[in-house]
Amino acid sequence: MSYLKFAVDSVSILEEEQSMEQQRKEATERLLSTQGHDNLFYSEENDGVGVGDGGLVAVSNFTSILGLSIFMAACITFGFGCAIGYSSPTQSSIMEDLGLSVAEFSLFGSILSIGSLIGAAISGKITDLFGRKLLVLQLMVGWGASFMYVVGSFVHWRTLALLATIPGLLQVLLIFFIPESPRWLAKVGREKELEAALLCLRGDKADISDEAIEIKNHVESLKSSSRGGIVDIFQKKYVRPLLTVVGMMVLTNLGGINAFAYYSGAIFVSAGISSMVGLITLAATQTVVGILGTTIIDKLGRRPLLLVSSAGLCFSSFLTGVSFFLKDFNWWDQGSPILAFIGLLMYMGSYALGGGVPWLLVSELFPINVKGSAGSICNFMGNSTGWVVGYYFNLLTEWSSAGIFFTFSAFCCANFILIATMVPETKGRTLEEIQASITPSSD
């Protein structure tokens, strides 16, 4: 866990370094321009200023350890995405080669949710660490799943399984080159090792004294504000935001995301569409839309993005249900596969657009002393319902393919209503302002 924290710390430090570097560059540019030193340039090695003909040059403190740490964070989330997307292109071949029944493969396909349930107790702390970066990590998960969709359309399922282990193997190798998390070292009181870790990130010549003090103070504040334990999340003032976020997690999972992610290849085939064409197009769609979502969320806000995403999930599930309904009655044989194709692409695109926003709200709706507890509860409830959908989907399609997608649409509609009536806009607002808007009479 501490290595994951270190990787996330590294992303945070890189963001802080870029901001600080830009501020230093701008200040130096203003100073040199006012003094008329056109032959001077900005350089960390010369206390911020050097001489040359190329003008001002900013030199970053980006180190190899920092780069490896960020790469490790990418491997973790990319590998998780590979696990999510593995079953979709391999379902028919695995069932045929191993002689698995529908129920047995459903257990295999949904077992990832069981693992997530086991990790629910500690995952809430990850919410404390990630915050805004959750959306970037969500994007990497989508890329991992997309990689499985594309490559799995061309290689044997055993080969795909070996390829999916590469991110995990890279993590094992990188562990030996990456020190502990600076924040974890501060938490356990290992101050000398904390300074050594920061020097690995910043560079041997960097002045890390102020940053070390800041990290120690931050850790101490976390300790003092987190002594109440999980019971604090059940205070009256947190009931509405907790029920709102848990409700979004549960309804999103009951809306079928795990069914679409785990079994989209089989859904394409059942609708009369080539699995290869469908999965490759699906991978391209969710990659492009995922990038779009991370770039526009701070411009549009959380609430509008959630409303658009949930409306898209509702409509696309209904459209997919209509396709199977027409297919069951042999109506419009040429058009029903097109409807299913559009429905699946729209569904996964809609989820890629706003699927990570509820986790962002967890980091914005709750103060630091209960944020971890809220994250753990949300993760447990979400993955519980996610497992139910992942396990029973294939069995329920034998009952009625159209019926299960109409059911997904109903849950997505309920989620849209919940968001429209209960979710506040958190963009550009302080925690106190958000709390006042949702619990105006709280104690």
# chains A, B, ... in the order shown; residues from 1 in each chain; ligands from 1

$ residues_around --residues "Val188 in chain A" --least-positions-apart "5" --cutoff "10 Å" --atoms "only C-alpha atoms" --output "list in words"
Arg183, Leu194 and Val219 of chain A

$ write_last_selection --atoms "N, CA and C atoms" --output "CSV table (one decimal), in the first residue's frame"
chain,number,residue,atom,x,y,z
A,183,ARG,N,4.9,10.7,2.6
A,183,ARG,CA,3.8,10.9,3.6
A,183,ARG,C,3.7,9.7,4.5
A,194,LEU,N,12.3,10.2,5.2
A,194,LEU,CA,11.4,11.1,4.5
A,194,LEU,C,12.2,12.1,3.6
A,219,VAL,N,0.5,15.7,7.8
A,219,VAL,CA,0.3,14.3,8.4
A,219,VAL,C,-0.2,14.5,9.8

$ closest_residue --among "A:Thr244, A:Thr281, A:Ser317, A:Ser376" --to "Val423 in chain A" --atoms "only C-alpha atoms"
A:Thr244

$ closest_residue --among "A:Ser270, A:Ile377, A:Lys327, A:Cys314" --to "Tyr351 in chain A" --atoms "only C-alpha atoms"
A:Cys314

$ closest_residue --among "A:Leu339, A:Ala212, A:Ile434, A:Ala74" --to "Ala271 in chain A" --atoms "only C-alpha atoms"
A:Leu339

$ select_by_dssp --residues "range 89-263 of chain A" --states "alpha helix (DSSP H)" --output "count of residues only"
135

$ residues_around --residues "Ser101 in chain A" --least-positions-apart "4" --cutoff "12 Å" --atoms "only C-alpha atoms" --output "list in words"
Gln91, Ser92, Ile94, Met95, Glu96, Asp97, Phe105, Ser106, Leu107, Phe108, Asn394 and Leu395 of chain A

$ closest_residue --among "A:Ile342, A:Leu319, A:Met276, A:Ile65" --to "Ile178 in chain A" --atoms "only C-alpha atoms"
A:Ile65

$ atom_distance --atom1 "CA of Gly301 in chain A" --atom2 "CA of Gly428 in chain A"
8.8 Å

$ atom_distance --atom1 "CA of Met348 in chain A" --atom2 "CA of Arg240 in chain A"
28.8 Å

$ atom_distance --atom1 "CA of Gly390 in chain A" --atom2 "CA of Ala103 in chain A"
10.8 Å

$ closest_residue --among "A:Ile175, A:Ile404, A:Leu396, A:Leu300" --to "Val322 in chain A" --atoms "only C-alpha atoms"
A:Ile404

$ closest_residue --among "A:Pro89, A:Pro358, A:Gly142, A:Gly203" --to "Val155 in chain A" --atoms "only C-alpha atoms"
A:Pro89
